[in-house]
$ cat work38.csv   # CSV, C-alpha atoms and all ligand atoms
chain,number,residue,atom,x,y,z
A,60,MET,CA,68.1,131.5,73.2
A,61,LEU,CA,70.1,130.9,76.4
A,62,LYS,CA,73.1,128.6,75.8
A,63,ASN,CA,74.2,126.5,78.8
A,64,ASN,CA,77.6,125.0,79.6
A,65,THR,CA,76.6,121.5,78.5
A,66,THR,CA,76.1,122.5,74.9
A,67,LEU,CA,79.5,122.1,73.3
A,68,ALA,CA,81.2,125.4,72.2
A,69,ILE,CA,81.8,123.8,68.8
A,70,ASN,CA,77.9,123.6,68.6
A,71,GLY,CA,77.4,127.1,69.7
A,72,GLY,CA,77.5,126.6,73.5
A,73,LYS,CA,79.5,128.6,76.0
A,74,PRO,CA,83.2,127.7,76.1
A,75,VAL,CA,84.8,126.3,79.3
A,76,ASN,CA,87.4,129.0,79.0
A,77,LYS,CA,87.0,132.3,77.2
A,78,ASP,CA,90.7,132.6,76.1
A,79,MET,CA,92.8,129.9,74.5
A,80,ILE,CA,94.9,128.0,77.0
A,81,ALA,CA,98.3,127.5,75.3
A,82,ILE,CA,99.7,124.0,74.9
A,83,HIS,CA,103.2,124.9,75.9
A,84,LYS,CA,105.0,127.9,77.5
A,85,PRO,CA,108.6,128.2,78.6
A,86,TYR,CA,109.2,129.1,82.2
A,87,LEU,CA,111.4,132.2,82.3
A,88,ASP,CA,111.8,134.3,85.5
A,89,ASP,CA,113.8,137.4,86.7
A,90,ASP,CA,116.9,135.3,87.3
A,91,ASP,CA,116.9,134.3,83.6
A,92,SER,CA,116.5,137.9,82.5
A,93,LYS,CA,119.2,139.2,84.8
A,94,ALA,CA,121.7,136.5,83.6
A,95,VAL,CA,121.1,137.4,80.0
A,96,PHE,CA,121.3,141.1,80.7
A,97,ASP,CA,124.6,140.7,82.7
A,98,ILE,CA,126.3,138.8,79.8
A,99,VAL,CA,125.1,141.4,77.3
A,100,LYS,CA,126.7,144.1,79.5
A,101,SER,CA,129.9,142.1,79.8
A,102,THR,CA,130.2,142.2,75.9
A,103,PHE,CA,131.3,138.5,75.8
A,104,VAL,CA,128.5,137.5,73.5
A,105,SER,CA,130.2,135.1,71.1
A,106,GLY,CA,130.5,131.3,71.3
A,107,ASP,CA,132.0,128.9,73.8
A,108,GLY,CA,132.4,131.6,76.4
A,109,PRO,CA,132.8,131.2,80.2
A,110,ALA,CA,129.0,131.0,80.8
A,111,CYS,CA,128.8,128.2,78.3
A,112,ARG,CA,131.5,126.3,80.0
A,113,GLU,CA,129.9,126.9,83.4
A,114,PHE,CA,126.6,125.5,82.0
A,115,GLU,CA,128.4,122.5,80.6
A,116,LYS,CA,130.1,121.7,83.8
A,117,LYS,CA,127.0,122.1,85.9
A,118,LEU,CA,124.9,120.0,83.5
A,119,ALA,CA,127.6,117.3,83.4
A,120,LYS,CA,127.4,117.1,87.3
A,121,TYR,CA,123.5,117.2,87.2
A,122,LEU,CA,123.3,114.3,84.7
A,123,GLY,CA,126.3,112.3,86.1
A,124,VAL,CA,128.2,112.2,82.8
A,125,LYS,CA,131.8,113.1,81.9
A,126,HIS,CA,131.4,115.4,78.9
A,127,VAL,CA,128.7,117.9,78.0
A,128,PHE,CA,129.0,120.2,74.9
A,129,PHE,CA,126.5,122.9,74.4
A,130,THR,CA,125.4,123.3,70.8
A,131,THR,CA,123.1,125.5,68.8
A,132,SER,CA,120.4,122.7,68.6
A,133,CYS,CA,119.7,119.1,69.2
A,134,THR,CA,119.6,118.7,65.4
A,135,VAL,CA,123.2,119.6,65.1
A,136,ALA,CA,124.1,117.5,68.1
A,137,LEU,CA,122.6,114.6,66.2
A,138,ASP,CA,124.7,115.5,63.1
A,139,LEU,CA,127.8,115.6,65.3
A,140,ALA,CA,127.0,112.2,66.9
A,141,PHE,CA,127.4,110.6,63.5
A,142,ARG,CA,130.1,113.0,62.1
A,143,ILE,CA,132.5,111.9,64.8
A,144,LYS,CA,132.1,108.2,63.8
A,145,ASN,CA,132.8,108.4,60.1
A,146,PHE,CA,130.8,105.3,59.3
A,147,PRO,CA,131.2,103.9,55.7
A,148,GLN,CA,128.8,105.6,53.3
A,149,GLY,CA,125.5,103.7,53.0
A,150,SER,CA,125.7,102.1,56.4
A,151,GLU,CA,122.3,101.9,58.2
A,152,VAL,CA,120.9,103.5,61.3
A,153,ILE,CA,117.7,102.3,63.0
A,154,VAL,CA,115.4,105.2,63.7
A,155,PRO,CA,111.9,105.0,65.2
A,156,ASN,CA,109.1,105.8,62.8
A,157,PHE,CA,107.4,108.0,65.3
A,158,THR,CA,109.9,110.8,65.9
A,159,TYR,CA,110.9,114.3,64.8
A,160,THR,CA,112.7,114.6,61.5
A,161,SER,CA,116.0,115.5,63.3
A,162,THR,CA,116.5,111.9,64.5
A,163,ALA,CA,116.7,110.9,60.9
A,164,LEU,CA,118.6,113.9,59.7
A,165,GLY,CA,121.6,113.2,61.9
A,166,PRO,CA,122.5,110.0,59.9
A,167,LEU,CA,121.3,111.5,56.6
A,168,TYR,CA,123.7,114.5,56.8
A,169,ASN,CA,126.5,111.9,57.1
A,170,ASN,CA,125.5,109.9,54.0
A,171,LEU,CA,124.0,107.1,56.0
A,172,LYS,CA,120.8,105.3,55.3
A,173,ILE,CA,118.0,105.1,57.8
A,174,ARG,CA,115.8,102.1,58.5
A,175,LEU,CA,112.5,102.9,60.2
A,176,ILE,CA,111.3,100.7,63.0
A,177,ASP,CA,107.8,100.5,64.5
A,178,VAL,CA,107.0,101.8,68.0
A,179,ASP,CA,104.9,100.7,71.0
A,180,PRO,CA,101.3,101.6,70.2
A,181,GLU,CA,100.8,102.8,73.8
A,182,ASN,CA,103.7,105.2,74.3
A,183,GLY,CA,105.4,105.9,70.9
A,184,ASN,CA,108.9,104.6,71.9
A,185,ILE,CA,110.8,102.0,69.9
A,186,ASP,CA,109.1,98.6,70.0
A,187,THR,CA,112.1,96.6,71.3
A,188,THR,CA,110.5,93.3,70.2
A,189,LYS,CA,110.9,94.3,66.6
A,190,LEU,CA,114.5,95.6,67.0
A,191,GLU,CA,116.5,92.5,66.1
A,192,ASN,CA,114.5,91.9,62.9
A,193,ALA,CA,115.6,95.4,61.7
A,194,ILE,CA,119.3,94.7,62.0
A,195,ASN,CA,121.3,93.5,59.0
A,196,GLU,CA,125.0,93.4,58.0
A,197,LYS,CA,124.9,97.1,57.1
A,198,THR,CA,123.5,98.3,60.4
A,199,VAL,CA,125.9,100.5,62.5
A,200,ALA,CA,123.7,102.3,65.0
A,201,ILE,CA,120.4,102.7,66.8
A,202,SER,CA,118.8,106.0,67.7
A,203,PRO,CA,116.1,105.5,70.4
A,204,VAL,CA,113.9,108.5,71.3
A,205,ASP,CA,112.2,109.3,74.6
A,206,TYR,CA,108.8,110.4,73.4
A,207,ALA,CA,107.1,112.9,75.7
A,208,GLY,CA,110.1,112.7,78.1
A,209,ASN,CA,109.3,109.0,78.9
A,210,PRO,CA,112.6,107.1,78.6
A,211,ALA,CA,112.9,104.3,76.0
A,212,ASP,CA,113.6,100.9,77.4
A,213,MET,CA,117.4,101.4,77.2
A,214,ASP,CA,118.6,98.2,78.9
A,215,ILE,CA,117.0,96.1,76.2
A,216,ILE,CA,118.2,98.4,73.5
A,217,ASN,CA,121.8,98.5,74.8
A,218,GLU,CA,121.8,94.7,75.2
A,219,ILE,CA,120.8,94.2,71.6
A,220,ALA,CA,123.3,96.9,70.5
A,221,LYS,CA,126.1,95.2,72.4
A,222,LYS,CA,125.3,91.8,70.9
A,223,HIS,CA,125.5,93.3,67.3
A,224,ASN,CA,128.3,95.8,68.0
A,225,LEU,CA,126.1,98.8,67.3
A,226,TYR,CA,126.7,102.4,68.3
A,227,VAL,CA,123.8,103.9,70.3
A,228,VAL,CA,122.8,107.6,69.9
A,229,HIS,CA,120.1,108.3,72.4
A,230,ASP,CA,117.9,111.2,71.1
A,231,THR,CA,117.0,112.6,74.5
A,232,ALA,CA,115.7,115.9,73.0
A,233,GLN,CA,112.6,115.7,75.2
A,234,SER,CA,113.8,114.0,78.4
A,235,ILE,CA,116.1,116.3,80.4
A,236,GLY,CA,115.8,115.3,84.0
A,237,ALA,CA,114.0,112.0,83.4
A,238,SER,CA,115.5,108.8,84.7
A,239,TYR,CA,115.5,105.1,83.9
A,240,LYS,CA,116.4,102.6,86.6
A,241,GLY,CA,117.7,105.4,88.8
A,242,LYS,CA,120.0,106.9,86.1
A,243,LYS,CA,119.4,110.1,84.3
A,244,THR,CA,118.9,110.1,80.5
A,245,GLY,CA,122.1,111.3,79.0
A,246,THR,CA,124.0,108.5,80.8
A,247,LEU,CA,122.4,105.6,79.1
A,248,ALA,CA,124.1,105.4,75.6
A,249,ASP,CA,127.3,106.0,73.8
A,250,VAL,CA,126.2,109.5,73.2
A,251,SER,CA,123.0,111.4,73.9
A,252,THR,CA,121.5,114.6,72.5
A,253,PHE,CA,119.3,117.1,74.3
A,254,SER,CA,117.2,120.0,73.0
A,255,PHE,CA,116.8,123.3,74.7
A,256,HIS,CA,114.4,124.7,72.2
A,257,GLY,CA,111.7,127.1,73.5
A,258,THR,CA,109.2,124.3,73.9
A,259,LYS,CA,111.5,122.1,76.1
A,260,ASN,CA,111.5,121.7,79.9
A,261,LEU,CA,114.9,123.5,80.1
A,262,THR,CA,115.2,126.2,77.5
A,263,THR,CA,117.8,128.5,76.1
A,264,GLY,CA,115.5,129.7,73.3
A,265,GLU,CA,117.3,127.6,70.7
A,266,GLY,CA,120.0,125.2,71.8
A,267,GLY,CA,121.1,121.6,72.5
A,268,ALA,CA,123.8,119.5,73.9
A,269,ILE,CA,125.7,116.4,73.0
A,270,VAL,CA,126.9,114.4,76.0
A,271,THR,CA,129.1,111.3,76.4
A,272,ASP,CA,131.4,109.4,78.8
A,273,ASN,CA,133.7,108.5,76.0
A,274,ASP,CA,137.0,110.6,76.0
A,275,LYS,CA,137.9,109.8,72.4
A,276,LEU,CA,134.5,110.9,71.1
A,277,ALA,CA,134.6,114.0,73.2
A,278,LYS,CA,137.9,115.1,71.7
A,279,LYS,CA,136.5,114.8,68.2
A,280,ILE,CA,133.3,116.7,69.2
A,281,ILE,CA,135.5,119.6,70.6
A,282,ILE,CA,137.1,120.0,67.1
A,283,MET,CA,134.1,119.4,64.9
A,284,ARG,CA,131.7,121.6,66.9
A,285,GLU,CA,134.1,124.5,66.3
A,286,LYS,CA,134.4,124.4,62.4
A,287,GLY,CA,137.1,121.7,62.6
A,288,THR,CA,139.5,123.9,64.6
A,289,ASN,CA,141.2,123.6,68.0
A,290,LYS,CA,139.9,127.0,69.0
A,291,HIS,CA,138.4,125.5,72.2
A,292,SER,CA,142.0,125.0,73.6
A,293,PHE,CA,142.9,128.4,72.4
A,294,LEU,CA,140.0,129.8,74.5
A,295,THR,CA,140.6,127.7,77.6
A,296,ASP,CA,144.3,126.7,78.1
A,297,ASN,CA,146.0,130.1,78.0
A,298,ILE,CA,149.0,128.5,76.3
A,299,THR,CA,148.4,129.2,72.6
A,300,ARG,CA,149.0,132.8,71.7
A,301,GLY,CA,146.7,134.1,69.1
A,302,TYR,CA,146.8,131.0,66.8
A,303,TYR,CA,144.7,127.9,66.4
A,304,GLU,CA,144.9,125.1,64.0
A,305,TYR,CA,142.4,123.9,61.3
A,306,GLU,CA,142.5,120.2,62.1
A,307,ASP,CA,139.5,118.5,60.4
A,308,ILE,CA,136.1,119.0,58.8
A,309,GLY,CA,133.5,120.6,61.1
A,310,ASN,CA,130.7,123.1,61.4
A,311,SER,CA,129.8,126.2,63.5
A,312,TYR,CA,127.9,124.6,66.3
A,313,VAL,CA,129.1,126.4,69.4
A,314,GLN,CA,126.5,128.3,71.3
A,315,SER,CA,126.5,132.0,72.3
A,316,ASN,CA,127.7,133.0,75.8
A,317,ILE,CA,124.4,134.8,76.3
A,318,LEU,CA,122.6,131.5,76.0
A,319,GLY,CA,125.1,129.8,78.2
A,320,ALA,CA,124.1,132.1,81.0
A,321,LEU,CA,120.4,131.3,80.4
A,322,GLY,CA,121.3,127.6,80.5
A,323,VAL,CA,122.8,128.1,84.0
A,324,THR,CA,119.8,129.8,85.5
A,325,GLN,CA,117.4,127.3,83.8
A,326,LEU,CA,119.4,124.4,85.2
A,327,GLU,CA,119.1,125.8,88.7
A,328,LYS,CA,115.3,125.3,88.6
A,329,ILE,CA,115.0,122.2,86.3
A,330,ASP,CA,114.0,119.9,89.2
A,331,TRP,CA,111.4,122.3,90.4
A,332,MET,CA,110.0,122.8,86.9
A,333,ASN,CA,109.9,119.1,86.3
A,334,LYS,CA,108.1,118.6,89.7
A,335,GLU,CA,105.5,121.2,88.7
A,336,ARG,CA,104.9,119.2,85.5
A,337,ALA,CA,104.6,116.0,87.4
A,338,LYS,CA,101.9,117.5,89.7
A,339,ILE,CA,99.9,118.5,86.6
A,340,ALA,CA,100.3,115.0,85.1
A,341,ASP,CA,99.2,113.4,88.4
A,342,TYR,CA,96.1,115.6,88.5
A,343,TYR,CA,95.2,114.8,84.8
A,344,ILE,CA,95.7,111.0,85.4
A,345,LYS,CA,93.5,111.1,88.5
A,346,GLU,CA,90.8,113.0,86.8
A,347,LEU,CA,90.8,111.1,83.5
A,348,SER,CA,91.4,107.6,84.6
A,349,ASP,CA,87.8,106.5,84.4
A,350,ILE,CA,86.8,107.8,81.0
A,351,PRO,CA,85.7,105.0,78.7
A,352,ASN,CA,87.6,104.3,75.5
A,353,THR,CA,90.4,106.8,76.4
A,354,LYS,CA,93.9,105.7,77.4
A,355,LEU,CA,96.5,107.5,79.4
A,356,PRO,CA,100.3,107.6,78.8
A,357,LYS,CA,102.1,104.2,79.4
A,358,ILE,CA,105.3,104.8,81.3
A,359,THR,CA,108.3,102.6,80.7
A,360,LYS,CA,108.9,100.1,83.5
A,361,ASP,CA,111.3,101.5,86.2
A,362,ALA,CA,111.4,104.9,84.5
A,363,ASN,CA,110.6,108.3,85.8
A,364,PRO,CA,109.4,110.7,83.0
A,365,ASN,CA,110.0,114.5,83.0
A,366,TRP,CA,106.4,115.0,81.6
A,367,HIS,CA,107.6,117.1,78.7
A,368,LEU,CA,104.3,116.3,77.1
A,369,PHE,CA,100.9,115.0,78.3
A,370,TYR,CA,98.7,113.1,75.9
A,371,ILE,CA,95.6,111.0,75.8
A,372,LEU,CA,94.7,108.3,73.3
A,373,VAL,CA,91.2,108.7,72.0
A,374,PRO,CA,89.1,106.7,69.5
A,375,PRO,CA,90.7,107.4,66.2
A,376,LYS,CA,87.5,108.1,64.2
A,377,HIS,CA,86.7,111.0,66.5
A,378,LYS,CA,90.2,112.4,67.1
A,379,TYR,CA,90.1,115.5,64.9
A,380,TRP,CA,86.6,116.3,65.9
A,381,ILE,CA,87.7,116.0,69.6
A,382,LEU,CA,90.7,118.3,68.8
A,383,ASP,CA,88.4,120.9,67.2
A,384,ALA,CA,85.9,120.6,70.0
A,385,LEU,CA,88.6,121.1,72.7
A,386,ARG,CA,90.0,124.2,70.9
A,387,ALA,CA,86.4,125.6,70.7
A,388,GLU,CA,86.3,125.2,74.5
A,389,GLY,CA,89.4,127.2,74.8
A,390,VAL,CA,91.9,124.4,75.4
A,391,TYR,CA,94.6,124.1,72.8
A,392,SER,CA,95.1,120.4,71.8
A,393,ASN,CA,97.5,119.2,69.2
A,394,VAL,CA,98.9,116.2,67.4
A,395,HIS,CA,102.7,115.7,67.2
A,396,TYR,CA,104.6,113.9,65.6
A,397,THR,CA,103.2,112.7,62.4
A,398,PRO,CA,104.9,109.3,61.7
A,399,LEU,CA,108.0,109.8,59.4
A,400,HIS,CA,106.7,107.7,56.6
A,401,ARG,CA,103.5,109.9,56.4
A,402,ASN,CA,105.8,112.9,55.4
A,403,LYS,CA,106.7,113.5,51.8
A,404,PHE,CA,110.4,113.3,52.4
A,405,TYR,CA,110.3,109.9,54.0
A,406,SER,CA,107.3,108.4,52.2
A,407,HIS,CA,109.5,106.0,50.2
A,408,LEU,CA,110.5,104.2,53.4
A,409,GLY,CA,107.3,102.3,54.0
A,410,ASN,CA,103.5,102.6,54.3
A,411,ASP,CA,100.9,102.4,57.1
A,412,ASP,CA,100.9,98.6,57.1
A,413,ASP,CA,104.6,98.5,57.9
A,414,PHE,CA,104.2,100.5,61.1
A,415,PRO,CA,101.0,99.3,62.8
A,416,GLY,CA,102.2,100.4,66.3
A,417,SER,CA,103.1,103.9,65.1
A,418,MET,CA,99.8,104.3,63.2
A,419,LYS,CA,97.8,103.1,66.2
A,420,PHE,CA,99.5,105.5,68.5
A,421,PHE,CA,99.3,108.4,66.1
A,422,SER,CA,95.7,107.7,65.2
A,423,GLY,CA,94.5,108.2,68.8
A,424,LEU,CA,97.1,110.8,70.0
A,425,LEU,CA,95.9,114.1,71.4
A,426,ARG,CA,98.2,116.4,73.4
A,427,LEU,CA,97.0,118.6,76.3
A,428,PRO,CA,98.6,121.7,77.9
A,429,ILE,CA,101.3,121.0,80.5
A,430,TYR,CA,103.9,123.5,81.8
A,431,PRO,CA,105.0,124.9,85.1
A,432,SER,CA,103.1,128.2,84.8
A,433,LEU,CA,99.7,126.5,84.0
A,434,THR,CA,97.4,127.9,86.7
A,435,GLN,CA,95.1,126.0,89.0
A,436,ASN,CA,92.2,127.5,87.1
A,437,GLU,CA,93.6,126.5,83.7
A,438,LYS,CA,94.3,122.9,84.8
A,439,GLY,CA,90.7,122.7,86.0
A,440,CYS,CA,89.5,124.1,82.7
A,441,VAL,CA,91.5,121.5,80.7
A,442,ILE,CA,89.9,118.7,82.7
A,443,LYS,CA,86.4,120.2,82.5
A,444,ALA,CA,86.7,120.7,78.7
A,445,VAL,CA,88.0,117.1,78.1
A,446,LYS,CA,85.2,115.6,80.2
A,447,LYS,CA,82.6,117.8,78.5
A,448,VAL,CA,83.8,117.0,75.0
A,449,LEU,CA,84.3,113.3,75.6
A,450,SER,CA,80.9,112.9,77.3
A,451,ASN,CA,79.1,114.7,74.4
A,452,LYS,CA,81.1,112.9,71.7
A,453,LYS,CA,79.2,112.0,68.5
A,454,LYS,CA,78.3,108.3,68.7
B,501,LIG,C1,113.1,113.7,69.3
B,501,LIG,C2,113.6,115.0,68.8
B,501,LIG,N1,114.8,115.1,68.3
B,501,LIG,C3,115.3,116.3,67.9
B,501,LIG,C4,114.6,117.5,68.0
B,501,LIG,C5,115.1,118.7,67.4
B,501,LIG,O1,115.5,119.6,68.5
B,501,LIG,P1,116.1,121.1,68.1
B,501,LIG,O2,115.0,121.9,67.7
B,501,LIG,O3,116.8,121.5,69.3
B,501,LIG,O4,117.1,120.9,67.0
B,501,LIG,C6,113.3,117.4,68.5
B,501,LIG,C7,112.5,118.6,68.6
B,501,LIG,O5,111.4,118.7,69.2
B,501,LIG,C8,112.8,116.2,68.9
B,501,LIG,O6,111.5,116.1,69.5
$ encode --input "work38.csv" --output "structure tokens"
Amino acid sequence: MLKNNTTLAINGGKPVNKDMIAIHKPYLDDDDSKAVFDIVKSTFVSGDGPACREFEKKLAKYLGVKHVFFTTSCTVALDLAFRIKNFPQGSEVIVPNFTYTSTALGPLYNNLKIRLIDVDPENGNIDTTKLENAINEKTVAISPVDYAGNPADMDIINEIAKKHNLYVVHDTAQSIGASYKGKKTGTLADVSTFSFHGTKNLTTGEGGAIVTDNDKLAKKIIIMREKGTNKHSFLTDNITRGYYEYEDIGNSYVQSNILGALGVTQLEKIDWMNKERAKIADYYIKELSDIPNTKLPKITKDANPNWHLFYILVPPKHKYWILDALRAEGVYSNVHYTPLHRNKFYSHLGNDDDFPGSMKFFSGLLRLPIYPSLTQNEKGCVIKAVKKVLSNKKK
């Protein structure tokens, strides 16, 4: 029997695309390869080297922030963000329920408690209307997250933090290059933490950064990022001769010079890479805006996202069927994150009824491929597959 293109591939029809279109891909070019190769040849491959410091300096200028410290991941940057504060054991940090585990791990590594807060059902960012209710006498900090590279509503969050004298750690893992009211993420909180993991808009394979305008906090980061030693000044000031001091507790969070070089070449093209993502997002939005019962990403007012992820919100009862049907058509769709309380480790912190916004967002969430090297043909296939699957959806 001849199968035509309107029969869904999941039901035995011909798929829109023969091979699977990946959901994310890092953009790495010859400049990146050469930068890595040159550093390997130079033999300076260990941590906090000249290429790392060049990357930090250029990233600070790009963001408009005083201090940038390159780290081995965003997860350790979040650890450092709390380590430098030394809050009393058992103090509480407000963390959105819809986030990656690392946002919660930062406080947990430092013997702090986390209080989960619900998120906006349309974009997964902290629901600021619920923020004041989550604050009590033990609260010391708030950690907003920019889901999908769409900035959290930082003016409201900072205003509430100021009123209650709270520290703000902005988990900007996903939002490099995004802006809010004309300012880049990384400049909107006491400290911010970026990820340069292989899935991120700017990648060094693994990596992250902790950034701040606060000189006092920066001094502590310099020591704690390098196993509690003052090796940074030993490497940079040319005064100490072969000796550096063990000053405090710390961990080994400095990043290799090889990856510093990769950071520099990636940063050179971040605006172009983000623009390519924005073009894809614009195309998806134009093509998918009229589909019944399907919602598109809600962007924070006065924000400019970096389109780290693209998602649609579909009717919850069909979500996993739609996901399977898209994959059968050759379009990799995915679900990420799962609300924290739905994970074994955090399940004691609440149930579905405590987080209606997070559950609503998660229940409909389907992610679609978006990255600079996605071809014209692949973009077209994504849209064709989404339309085909949604118009043939089981009633
Ligand atoms: C919000 C958030 N925070 C932290 C991280 C962890 O980043 P890394 O892998 O660089 O530690 C991620 C990873 O995707 C994330 O999405």
$ closest_residue --input "work38.csv" --among "A:Leu408, A:Leu385, A:Ile153, A:Ile344" --to "Val445 (chain A)" --atoms "all atoms listed in the file"
A:Leu385
$ residues_near_point --input "work38.csv" --point "(108.4, 103.8, 57.6)" --cutoff "7 Å" --atoms "all atoms listed in the file" --output "list of chain:residue names"
A:Asn156, A:Leu175, A:Ile176, A:Leu399, A:His400, A:Leu408, A:Gly409, A:Asn410, A:Asp413, A:Phe414
$ write_last_selection --input "work38.csv" --atoms "C-alpha atoms" --output "PDB file, in the frame of the given file"
ATOM      1  CA  ASN A 156     109.100 105.800  62.800  1.00  0.00           C
ATOM      2  CA  LEU A 175     112.500 102.900  60.200  1.00  0.00           C
ATOM      3  CA  ILE A 176     111.300 100.700  63.000  1.00  0.00           C
ATOM      4  CA  LEU A 399     108.000 109.800  59.400  1.00  0.00           C
ATOM      5  CA  HIS A 400     106.700 107.700  56.600  1.00  0.00           C
ATOM      6  CA  LEU A 408     110.500 104.200  53.400  1.00  0.00           C
ATOM      7  CA  GLY A 409     107.300 102.300  54.000  1.00  0.00           C
ATOM      8  CA  ASN A 410     103.500 102.600  54.300  1.00  0.00           C
ATOM      9  CA  ASP A 413     104.600  98.500  57.900  1.00  0.00           C
ATOM     10  CA  PHE A 414     104.200 100.500  61.100  1.00  0.00           C
TER      11      PHE A 414
END
$ closest_residue --input "work38.csv" --among "A:Ala387, A:Leu449, A:Ala268, A:Ala320" --to "ligand LIG 501 (chain B)" --atoms "all atoms listed in the file"
A:Ala268
$ residues_near_ligand --input "work38.csv" --ligand "ligand LIG 501 (chain B)" --cutoff "7 Å" --atoms "only C-alpha atoms and all ligand atoms" --output "count of residues only"
21
$ closest_residue --input "work38.csv" --among "A:His377, A:Arg142, A:His223, A:Arg174" --to "Arg284 (chain A)" --atoms "all atoms listed in the file"
A:Arg142
$ residues_near_point --input "work38.csv" --point "(117.4, 111.3, 86.2)" --cutoff "12 Å" --atoms "only C-alpha atoms" --output "short mmCIF file (atom, residue, chain, number, x, y, z; two decimals) with C-alpha atoms, in the frame of the given file"
data_model
loop_
_atom_site.label_atom_id
_atom_site.label_comp_id
_atom_site.auth_asym_id
_atom_site.auth_seq_id
_atom_site.Cartn_x
_atom_site.Cartn_y
_atom_site.Cartn_z
CA LEU A 118 124.90 120.00 83.50
CA LYS A 120 127.40 117.10 87.30
CA TYR A 121 123.50 117.20 87.20
CA LEU A 122 123.30 114.30 84.70
CA GLY A 123 126.30 112.30 86.10
CA VAL A 124 128.20 112.20 82.80
CA GLY A 208 110.10 112.70 78.10
CA ASN A 209 109.30 109.00 78.90
CA PRO A 210 112.60 107.10 78.60
CA THR A 231 117.00 112.60 74.50
CA SER A 234 113.80 114.00 78.40
CA ILE A 235 116.10 116.30 80.40
CA GLY A 236 115.80 115.30 84.00
CA ALA A 237 114.00 112.00 83.40
CA SER A 238 115.50 108.80 84.70
CA TYR A 239 115.50 105.10 83.90
CA LYS A 240 116.40 102.60 86.60
CA GLY A 241 117.70 105.40 88.80
CA LYS A 242 120.00 106.90 86.10
CA LYS A 243 119.40 110.10 84.30
CA THR A 244 118.90 110.10 80.50
CA GLY A 245 122.10 111.30 79.00
CA THR A 246 124.00 108.50 80.80
CA LEU A 247 122.40 105.60 79.10
CA ILE A 329 115.00 122.20 86.30
CA ASP A 330 114.00 119.90 89.20
CA ASN A 333 109.90 119.10 86.30
CA ASP A 361 111.30 101.50 86.20
CA ALA A 362 111.40 104.90 84.50
CA ASN A 363 110.60 108.30 85.80
CA PRO A 364 109.40 110.70 83.00
CA ASN A 365 110.00 114.50 83.00
#
$ closest_residue --input "work38.csv" --among "A:Ala207, A:Ile219, A:Leu326, A:Leu321" --to "Pro356 (chain A)" --atoms "all atoms listed in the file"
A:Ala207
$ residues_around --input "work38.csv" --residues "Phe157 (chain A)" --least-positions-apart "5" --cutoff "7 Å" --atoms "all atoms listed in the file" --output "number ranges by chain"
A: 178, 183, 396-399, 417
$ residues_around --input "work38.csv" --residues "Val250 (chain A)" --least-positions-apart "3" --cutoff "9 Å" --atoms "all atoms listed in the file" --output "list in words"
Ala140, Tyr226, Val227, Val228, His229, Asp230, Gly245, Thr246, Leu247, Ile269, Val270, Thr271, Asp272, Asn273 and Leu276 of chain A
$ closest_atom_pairs --input "work38.csv" --of "region 306-361 of chain A" --to "region 109-113 of chain A" --cutoff "10 Å" --atoms "all atoms listed in the file" --output "tab-separated table"
residue	atom	partner	partner_atom	distance
A:Val313	CA	A:Cys111	CA	9.1
A:Gln314	CA	A:Cys111	CA	7.4
A:Ser315	CA	A:Cys111	CA	7.5
A:Asn316	CA	A:Cys111	CA	5.5
A:Ile317	CA	A:Ala110	CA	7.5
A:Leu318	CA	A:Cys111	CA	7.4
A:Gly319	CA	A:Cys111	CA	4.0
A:Ala320	CA	A:Ala110	CA	5.0
A:Leu321	CA	A:Ala110	CA	8.6
A:Gly322	CA	A:Cys111	CA	7.8
A:Val323	CA	A:Glu113	CA	7.2
$ write_last_selection --input "work38.csv" --atoms "C-alpha atoms" --output "short mmCIF file (atom, residue, chain, number, x, y, z; two decimals), in the coordinates of the input"
data_model
loop_
_atom_site.label_atom_id
_atom_site.label_comp_id
_atom_site.auth_asym_id
_atom_site.auth_seq_id
_atom_site.Cartn_x
_atom_site.Cartn_y
_atom_site.Cartn_z
CA VAL A 313 129.10 126.40 69.40
CA GLN A 314 126.50 128.30 71.30
CA SER A 315 126.50 132.00 72.30
CA ASN A 316 127.70 133.00 75.80
CA ILE A 317 124.40 134.80 76.30
CA LEU A 318 122.60 131.50 76.00
CA GLY A 319 125.10 129.80 78.20
CA ALA A 320 124.10 132.10 81.00
CA LEU A 321 120.40 131.30 80.40
CA GLY A 322 121.30 127.60 80.50
CA VAL A 323 122.80 128.10 84.00
#
$ residues_around --input "work38.csv" --residues "region 66-72 of chain A" --least-positions-apart "5" --cutoff "12 Å" --atoms "only C-alpha atoms" --output "list in words"
Met60, Leu61, Lys77, Trp380, Ile381, Leu382, Asp383, Ala384, Leu385, Arg386, Ala387, Glu388, Gly389, Val390, Lys443, Ala444, Val445, Lys446, Lys447, Val448, Leu449, Ser450, Asn451, Lys452 and Lys453 of chain A
$ closest_residue --input "work38.csv" --among "A:Tyr405, A:Thr258, A:Ile185, A:Pro180" --to "Gly423 (chain A)" --atoms "all atoms listed in the file"
A:Pro180
$ residues_around --input "work38.csv" --residues "Lys290 (chain A)" --least-positions-apart "6" --cutoff "8 Å" --atoms "all atoms listed in the file" --output "short mmCIF file (atom, residue, chain, number, x, y, z; two decimals) with C-alpha atoms, in the frame of the given file"
data_model
loop_
_atom_site.label_atom_id
_atom_site.label_comp_id
_atom_site.auth_asym_id
_atom_site.auth_seq_id
_atom_site.Cartn_x
_atom_site.Cartn_y
_atom_site.Cartn_z
CA ILE A 282 137.10 120.00 67.10
CA TYR A 303 144.70 127.90 66.40
CA GLU A 304 144.90 125.10 64.00
#
$ atom_distance --input "work38.csv" --atom1 "CA of Asp89 (chain A)" --atom2 "CA of Ser101 (chain A)"
18.1 Å
